[in-house]
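**Student:** Sharing a structure, written as structure tokens. Questions coming.
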Amino acid sequence: MNDNSEPNVRESDATEAALNTGEKPQNSNTSLIDVINAAADRVDPIIQVIRTFAETKLKTRQSDSRFRIHMAWIAVVVVGIIVGVATLLTFTGKMDGATYGFLLGTIVGYALTFIRDAIRPNQDNEEG
């Protein structure tokens, strides 16, 4: 009985030694199962880290989009107030029509730049 159990002990010792040193073990079926089990034990923490990172990234993107929408509404209100006051001043004769035209041209340029940046936020705007 000692003879039968002794080779098995030696095979498992050889498998462990081969796994630790990187050598190919003699019994490939046992070593493959050991390698798969060892890898499976190490995969769960990695999957948990990846899942946590993905959830954090999703929350960040959602809060970033809410912030952008909020800032866009604030910009629309501020521009609307400026145009409204300028229109009132031009209508009452306190501001020249050329100045009003310049103001509207500047605001249209601002709006177009704002829209471009909203459509393509990560691209460089420099040419050349």
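We name chains A, B, ... following the order of the structure tokens; residues begin at 1 in each chain, and ligands are numbered from 1 as shown.
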Write out as a PyMOL selection string which residues come within 12 Å of Thr106 in chain A when counting only C-alpha atoms, dropping same-chain ones fewer than 5 positions away.
**Tutor:** chain A and resi 79+82-83+99-101+111-113
**Student:** When you draw a straight line from CA of Ile50 in chain A to CA of Ile33 in chain A, how long is it in Å?
**Tutor:**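 The value is 25.6 Å.
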**Student:** Please measure the separation of CA of His70 in chain A and CA of Ala118 in chain A, giving the value in Å to one decimal.
**Tutor:**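 Those two atoms sit 13.0 Å apart.
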**Student:** What is the distance between CA of Ser65 in chain A and CA of Ile47 in chain A, in Å to one decimal?
**Tutor:**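 That distance, rounded to one decimal, is 27.0 Å.
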